[in-house]
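Step one of this worksheet: look at the structure below.
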Number of protein chains: 2
Amino acid sequence: MQTEPTLATAEDGRVATPACDALIERYARIHRLAHLGAIAGWDQAALMPPKGNEARAAALAELAGLLHRMATDRALGDEIERAADEPLDALQRANLREMRHAWLRETALPATLVERQRLAASRCEHAWRRQRPANDWAGFLENFRPVLALAREEASRLAERTGLARYDALMDRYEPGMTSAVVDRLFGDIRHWLPALIREVVDRQAARDAADPPADAAGPFPVERQRALCEQLMRRLGFDFEAGRLDVSAHPFCGGVPEDVRLTTRFAPEDFLGALMGTVHETGHARYEQSLPRAWLGQPIGQARSMAIHESQSLAFEMQLGGHPGFAALLAPLLREAFGDQPAFDPVRLHRRLTRVQRGLIRVDADEVTYPAHIVLRYEIERALIEGEAQAEDIPALWDAKMDELLGLDTRGNYRDGPLQDVHWPEGLFGYFPCYTLGAMYAAQWFAAIRRTLPDLDARIGRGDLAPVFDWLREQIWSQGSRWSTDELTRRASGEPLNPAHLRAHLRQRYLG
Amino acid sequence: MQTEPTLATAEDGRVATPACDALIERYARIHRLAHLGAIAGWDQAALMPPKGNEARAAALAELAGLLHRMATDRALGDEIERAADEPLDALQRANLREMRHAWLRETALPATLVERQRLAASRCEHAWRRQRPANDWAGFLENFRPVLALAREEASRLAERTGLARYDALMDRYEPGMTSAVVDRLFGDIRHWLPALIREVVDRQAARDAADPPADAAGPFPVERQRALCEQLMRRLGFDFEAGRLDVSAHPFCGGVPEDVRLTTRFAPEDFLGALMGTVHETGHARYEQSLPRAWLGQPIGQARSMAIHESQSLAFEMQLGGHPGFAALLAPLLREAFGDQPAFDPVRLHRRLTRVQRGLIRVDADEVTYPAHIVLRYEIERALIEGEAQAEDIPALWDAKMDELLGLDTRGNYRDGPLQDVHWPEGLFGYFPCYTLGAMYAAQWFAAIRRTLPDLDARIGRGDLAPVFDWLREQIWSQGSRWSTDELTRRASGEPLNPAHLRAHLRQRYLG
């Protein structure tokens, strides 16, 4: 006769974990409904005619509310508590870790705050579209103050809930586990060496250009040929057109769902490089999504790890590969085929064009050398804004000073190409900017790790053989989903925690080597 | 001191109807979520790459389940009961009538039956795609038997719930208020005069063709020019491209939502008429949707009235207008511009082409004279199947006999172009077929009504002036949504109930006049 307590076992002999099983099914339902929002959101940006917008926005808001209610259901919280006492295996524990993190965040904010934020951001972003071209900082400030005030309230509530610092609690949405203490150290390091590196690279390129003037390709570049070229290159980069599409939107992005990735770009007939390299960037995001572990899709561990890791994939494609001499060699014949034989399509000249470094005012136009300066500036300002150390009206003076320190550019009075240039702040998205440069650091670290295991990597890329890169990324990053914390993923993949020395070494090697 | 009971009034002085208001808000939520399903469903047919299908199907099934749970919520049923005792105005009463109808149907079927039907239909339809080209009736029968058995079970349950006959209870989903007693009378009438009319028209056209052989247009017809032509014609027909799109799918349809109508067609380079007239047909559906009353969208009365009324719009465009001499005159210059000057594009020849009558095996290729024969045949068979008067294995013999009676065609052994040609039965959609010919009857009745108010209608259409038609349809049909029952809508619009004499008169006038 059995009197001792014993582990409950399911009929198939597996140890029974009913609460965890119920949680997995809950998340699968959320995942299936979120699929519809992802497709409808992509459609809104890429295809939807203008009169559809009001109904679409209402439909997406209804779904967002529904998903929030599902994710904050009291019963879900109880199941998380009960699952913690169940005999879970390692994957179940990883799922539970991700669920607890999401639950903590989702339940921290009252629905009224979320709704007030949505309205304030919508008003601010809508007016910003006209205020930016009009250089209207004063007008922007009026709508931006409530956005900032609500973001601070959100940060306070999340901080209280999570025990994190306020800015860290916002950043945690995009980059769980990252703290401003770490970012301060990493970006402080960049501040230390970047301005001198930029000067050195710019001077060297100027000298080279004086001796051997660069040749620009002659347009126009018909949009249909650009589109065919982009699709051809996406195929070379491993994008699966059976599981995704390329379309056009005003702001390029990678949307859709892992089983059906919707990538967008935008074409200008007078320039092909913008659409092409934008597409390479988005293809990096897309391959991560297309290669997430199929068996775990719909579970928390089936999602991409974080936004910095996501950016590390797009930058691995756009910068690490795109600035490699082997990429120019691979691209040159495709360009000749699309736009005719031109001196600018000589692989060596093309590589010079793809690695041209220029100080500029606009972040999204920046090369990989000057880009971190734009991010360090934004991080320092937005952290101070959220922590209450700076106010909205202080932004222009901070911007001007930091642009001068980091890039030596005078931005006084030019709000349009200054603090009004990005959509992030009007939309109340604080804490995202660091991910871009963290992503660049991770990407450099991945390539350093690949080179250690494959010393002839550069020769292989030079021959147009990109398979070793994709194989490594698939095995170490893509297939891992959110199985590990970002720090553990990084250590497992590269043998060390995030190490900013790799980005610096990469830039010195590529631009001064 | 107030002791008498009194009507509760809302603060704004309006009579309070809290249960009805709550119902309206419930339906608005359902409507907003259904929007996402409509767009994702359109995307699935028009754009989605193949590997996205499994996840998309799961997402749409999850939404369907959710919408079913929302529509069958016990609380909704209670609110319907309570609202019936509230002091409702006429529009609220109309909404309540539609809600009660939906509630009755939605709650009649157990979720397990709906799920078994979905699986059986999915299996049958999937196999049918291979079985149809293989002419494999025996293989089809195996999967079709369970589909039919489940449809009979559905019909029995709905009949029990609604008090309707079993077949009528299925037809009621598409054409509320219509009964097989009425259809028997209407279609019996058609059976009486149609075969002789077809013979007479075919003989007359053969004589004319012998005297003056028809000229066919010379292809190929490049797909991009066909697309531009279709869009041009859609604009002439009043389609609003700010509130909709034209795309391509294997089976043309009109999807999306009223604010953003997604119309599809398919192009074949060797024939332009198929895509063109298919587009005209779908544009009729589209204008109905685009012109539904904006103020009522999201309420039951904001929806299109019924499927026969919907088909009456597509057939008003494709047949009533498309077969009019004025349409050929309007189309001719567009065709010359697209495909060069050809004898076939002479308006008189073009009109002959657009009104060519041919007995054929395939319903979707049929002209407006022979089409009703295909529908009468299907209606008689499917009614007998659902009422248990015929079995699945009886279909071929019934089909052969009726094709001989109605069209004089021998179909023995040709299942591919016989009972296997339509997707409706494999998908378990019984009760829809009558709507096509009911729609043709309604369309003829609308045009007869317009002619009564506007005796020079044909002269105006002859001059390319379609505005009187659109104005009448907007005022009488489109703007009315589901405000009235189909019968009342018909009487209000045309001064009489559905009268099949108009279709016969139309066909005699156009083809023998």
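Letters A, B, ... go to the chains of the structure tokens in the order shown; residues in each chain start at 1; ligands are counted from 1 in the same order.
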Interface residues on chain B facing chain A, 8 Å, only C-alpha atoms, written as a list of chain:residue names:
B:Arg29, B:Arg32, B:Leu33, B:His35, B:Leu36, B:Gly37, B:Ile39, B:Ala40, B:Met48, B:Pro49, B:Pro50, B:Lys51, B:Gly52, B:Ala55, B:Arg56, B:Ala58, B:Ala59, B:Leu60, B:Glu62, B:Leu63, B:Phe241, B:Glu242, B:Ala243, B:Gly244, B:Arg245, B:Glu259, B:Asp260
For the selection you just gave me, I'd like the residues written to a file as a CSV table (one decimal), in the first residue's frame, keeping N, CA and C atoms.
chain,number,residue,atom,x,y,z
B,29,ARG,N,-16.8,44.9,-30.7
B,29,ARG,CA,-15.6,44.2,-30.4
B,29,ARG,C,-15.4,43.0,-31.3
B,32,ARG,N,-14.3,44.3,-34.7
B,32,ARG,CA,-12.9,44.7,-34.7
B,32,ARG,C,-12.0,43.5,-34.8
B,33,LEU,N,-12.3,42.5,-34.1
B,33,LEU,CA,-11.4,41.3,-34.2
B,33,LEU,C,-11.6,40.6,-35.5
B,35,HIS,N,-12.2,41.8,-38.3
B,35,HIS,CA,-11.4,42.6,-39.3
B,35,HIS,C,-10.0,41.9,-39.5
B,36,LEU,N,-9.3,41.5,-38.4
B,36,LEU,CA,-8.0,41.0,-38.5
B,36,LEU,C,-8.1,39.6,-39.3
B,37,GLY,N,-9.1,38.9,-39.0
B,37,GLY,CA,-9.3,37.6,-39.7
B,37,GLY,C,-9.6,37.8,-41.2
B,39,ILE,N,-8.5,40.3,-43.1
B,39,ILE,CA,-7.3,40.7,-43.8
B,39,ILE,C,-6.3,39.5,-43.8
B,40,ALA,N,-6.2,38.8,-42.7
B,40,ALA,CA,-5.2,37.6,-42.7
B,40,ALA,C,-5.7,36.5,-43.7
B,48,MET,N,0.4,35.1,-49.3
B,48,MET,CA,1.1,34.3,-48.3
B,48,MET,C,2.0,33.3,-49.0
B,49,PRO,N,3.3,33.2,-48.7
B,49,PRO,CA,4.1,32.1,-49.2
B,49,PRO,C,3.7,30.8,-48.6
B,50,PRO,N,4.0,29.6,-49.3
B,50,PRO,CA,3.5,28.3,-48.8
B,50,PRO,C,3.8,27.9,-47.4
B,51,LYS,N,5.0,28.2,-47.0
B,51,LYS,CA,5.4,27.7,-45.6
B,51,LYS,C,4.7,28.4,-44.5
B,52,GLY,N,4.0,29.5,-44.9
B,52,GLY,CA,3.2,30.2,-43.8
B,52,GLY,C,1.9,29.6,-43.5
B,55,ALA,N,0.8,27.8,-39.9
B,55,ALA,CA,0.7,28.8,-38.8
B,55,ALA,C,-0.5,29.7,-39.0
B,56,ARG,N,-0.7,30.1,-40.3
B,56,ARG,CA,-1.9,31.0,-40.6
B,56,ARG,C,-3.2,30.3,-40.3
B,58,ALA,N,-3.7,27.9,-38.2
B,58,ALA,CA,-3.9,27.8,-36.8
B,58,ALA,C,-4.3,29.1,-36.2
B,59,ALA,N,-3.8,30.2,-36.7
B,59,ALA,CA,-4.1,31.5,-36.2
B,59,ALA,C,-5.6,31.8,-36.5
B,60,LEU,N,-6.0,31.5,-37.7
B,60,LEU,CA,-7.4,31.8,-38.1
B,60,LEU,C,-8.4,30.9,-37.3
B,62,GLU,N,-7.9,29.8,-34.3
B,62,GLU,CA,-7.9,30.3,-32.9
B,62,GLU,C,-8.9,31.5,-32.9
B,63,LEU,N,-8.8,32.3,-33.9
B,63,LEU,CA,-9.7,33.5,-33.9
B,63,LEU,C,-11.1,33.1,-34.1
B,241,PHE,N,-10.1,53.3,-54.9
B,241,PHE,CA,-8.8,52.7,-54.6
B,241,PHE,C,-8.2,53.3,-53.3
B,242,GLU,N,-8.8,54.3,-52.8
B,242,GLU,CA,-8.3,54.8,-51.5
B,242,GLU,C,-8.8,53.9,-50.3
B,243,ALA,N,-9.8,53.0,-50.7
B,243,ALA,CA,-10.4,52.2,-49.7
B,243,ALA,C,-10.4,50.7,-50.2
B,244,GLY,N,-9.4,50.3,-51.0
B,244,GLY,CA,-9.4,49.0,-51.4
B,244,GLY,C,-8.2,48.7,-52.4
B,245,ARG,N,-8.0,47.5,-52.8
B,245,ARG,CA,-6.9,47.1,-53.7
B,245,ARG,C,-7.4,46.0,-54.7
B,259,GLU,N,-14.1,49.1,-45.1
B,259,GLU,CA,-13.2,50.3,-45.2
B,259,GLU,C,-12.0,50.0,-46.0
B,260,ASP,N,-11.8,48.7,-46.4
B,260,ASP,CA,-10.6,48.4,-47.1
B,260,ASP,C,-10.9,47.1,-47.8
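Residues with any atom within 7 Å of Ala338 (chain A), counting only C-alpha atoms and excluding same-chain neighbours fewer than 2 positions away, are A:Arg225, A:Leu229, A:Leu334, A:Leu335, A:Arg336, A:Gly340.
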Spatial neighbours of Ile190 (chain B), max dist 10 Å, only C-alpha atoms, sep filter under 5 positions, as a list in words
Asp184, Arg185, Pro195, Pro372, Ala373, Val376, Leu406, Pro500, Ala501, Leu503 and Arg504 of chain B
Output of the above residues as a PDB file, in the first residue's frame, restricted to N, CA and C atoms:
ATOM      1  N   ASP B 184     -38.384  26.276 -54.621  1.00  0.00           N
ATOM      2  CA  ASP B 184     -39.010  25.264 -55.485  1.00  0.00           C
ATOM      3  C   ASP B 184     -39.912  25.942 -56.521  1.00  0.00           C
ATOM      4  N   ARG B 185     -40.690  26.903 -56.071  1.00  0.00           N
ATOM      5  CA  ARG B 185     -41.590  27.600 -56.976  1.00  0.00           C
ATOM      6  C   ARG B 185     -40.808  28.403 -58.012  1.00  0.00           C
ATOM      7  N   PRO B 195     -35.024  25.686 -70.758  1.00  0.00           N
ATOM      8  CA  PRO B 195     -34.436  24.867 -71.834  1.00  0.00           C
ATOM      9  C   PRO B 195     -34.854  25.351 -73.228  1.00  0.00           C
ATOM     10  N   PRO B 372     -28.493  29.690 -64.882  1.00  0.00           N
ATOM     11  CA  PRO B 372     -29.529  29.174 -63.974  1.00  0.00           C
ATOM     12  C   PRO B 372     -29.706  27.657 -64.074  1.00  0.00           C
ATOM     13  N   ALA B 373     -29.436  27.073 -65.249  1.00  0.00           N
ATOM     14  CA  ALA B 373     -29.561  25.620 -65.379  1.00  0.00           C
ATOM     15  C   ALA B 373     -28.586  24.912 -64.431  1.00  0.00           C
ATOM     16  N   VAL B 376     -30.111  25.318 -60.809  1.00  0.00           N
ATOM     17  CA  VAL B 376     -31.295  24.502 -60.555  1.00  0.00           C
ATOM     18  C   VAL B 376     -30.867  23.058 -60.289  1.00  0.00           C
ATOM     19  N   LEU B 406     -31.778  19.727 -68.646  1.00  0.00           N
ATOM     20  CA  LEU B 406     -31.689  21.184 -68.601  1.00  0.00           C
ATOM     21  C   LEU B 406     -30.844  21.768 -69.721  1.00  0.00           C
ATOM     22  N   PRO B 500     -39.794  36.524 -60.249  1.00  0.00           N
ATOM     23  CA  PRO B 500     -38.883  35.915 -61.233  1.00  0.00           C
ATOM     24  C   PRO B 500     -39.195  36.328 -62.669  1.00  0.00           C
ATOM     25  N   ALA B 501     -40.335  36.975 -62.881  1.00  0.00           N
ATOM     26  CA  ALA B 501     -40.687  37.373 -64.249  1.00  0.00           C
ATOM     27  C   ALA B 501     -39.658  38.347 -64.820  1.00  0.00           C
ATOM     28  N   LEU B 503     -36.352  38.377 -64.501  1.00  0.00           N
ATOM     29  CA  LEU B 503     -35.182  37.709 -65.098  1.00  0.00           C
ATOM     30  C   LEU B 503     -35.541  37.165 -66.475  1.00  0.00           C
ATOM     31  N   ARG B 504     -36.698  36.517 -66.552  1.00  0.00           N
ATOM     32  CA  ARG B 504     -37.112  35.958 -67.840  1.00  0.00           C
ATOM     33  C   ARG B 504     -37.287  37.076 -68.882  1.00  0.00           C
TER      34      ARG B 504
END
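Between Ser482 (chain A) and the candidates A:Cys435, A:Val15, A:Met99, A:Ala390, the tightest atom-to-atom separation, counting only C-alpha atoms, involves A:Met99.
For Leu91 (chain A), the set of protein, DNA and RNA residues having any atom at most 10 Å away, when counting only C-alpha atoms and skipping those fewer than 4 positions along the same chain, is Asn95, Leu96, Arg97, Trp296, Ile301, Arg483 and Trp484 of chain A.
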Selection above as a file: C-alpha atoms, as a PDB file, in the first residue's frame:
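In the end it all went to part34.pdb:
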ATOM      1  CA  ASN A  95      10.018  28.830 -20.374  1.00  0.00           C
ATOM      2  CA  LEU A  96       8.938  29.584 -16.829  1.00  0.00           C
ATOM      3  CA  ARG A  97      11.778  32.115 -16.442  1.00  0.00           C
ATOM      4  CA  TRP A 296       9.460  25.786 -29.726  1.00  0.00           C
ATOM      5  CA  ILE A 301      11.743  30.143 -25.481  1.00  0.00           C
ATOM      6  CA  ARG A 483      16.589  29.139 -24.323  1.00  0.00           C
ATOM      7  CA  TRP A 484      19.309  31.005 -22.401  1.00  0.00           C
TER       8      TRP A 484
END
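All residues of protein, DNA or RNA that reach within 8 Å of Val280 (chain A), judged by only C-alpha atoms and not counting those fewer than 2 positions away in the chain, are Leu233, Met234, Leu276, Met277, Gly278, Glu282, Thr283, Gly284, Ser314, Phe317, Glu318 and Gly322 of chain A.
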What does the structure give for the distance between CA of Asn414 (chain A) and CA of Leu354 (chain A), in Å to one decimal?
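Distance reported for this atom pair: 28.0 Å.
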Using only C-alpha atoms, can you tell me which of A:Arg204, A:Arg130, A:His281, A:Arg82 comes closest to Arg100 (chain A)?
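Using only C-alpha atoms, Arg100 (chain A) sits closest to A:Arg82.
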Please identify the strand (DSSP E) residues within region 69-254 of chain B (assignment by DSSP from backbone atoms) and present them as an MDAnalysis selection string.
chainID B and resid 244:248 254
For the selection just defined, write its residues with C-alpha atoms to a file, as a tab-separated table (two decimals), in the first residue's frame.
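Here's the written file part.tsv:
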chain	number	residue	atom	x	y	z
B	244	GLY	CA	-9.35	48.96	-51.43
B	245	ARG	CA	-6.94	47.10	-53.71
B	246	LEU	CA	-6.83	44.75	-56.67
B	247	ASP	CA	-4.51	41.75	-56.33
B	248	VAL	CA	-4.16	38.24	-57.71
B	254	CYS	CA	-13.94	40.01	-52.83
Within region 193-335 of chain B, find each residue whose DSSP state, derived from the backbone, is helix (DSSP H, G or I), and express the selection as a PyMOL selection string.
chain B and resi 193-211+223-236+241-243+273-290+294-296+300-302+307-321+325-335
If we count only C-alpha atoms, what is near Phe430 (chain A) at a cut-off of 10 Å, once residues fewer than 6 positions away on the same chain are taken out, given as a VMD selection string?
chain A and resid 148 151 to 152 155 167 to 168 170 to 171 173 to 174 378 to 379 382 to 383 385 to 386 424
Would you mind reading off the distance between CA of Trp128 (chain A) and CA of Phe140 (chain A), one decimal, in Å?
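These two atoms are separated by 6.4 Å.
Of the listed residues (A:Leu315, A:Ala206, A:Ile381, A:Ala217), A:Ala206 comes nearest to Val357 (chain A); the distances count only C-alpha atoms.
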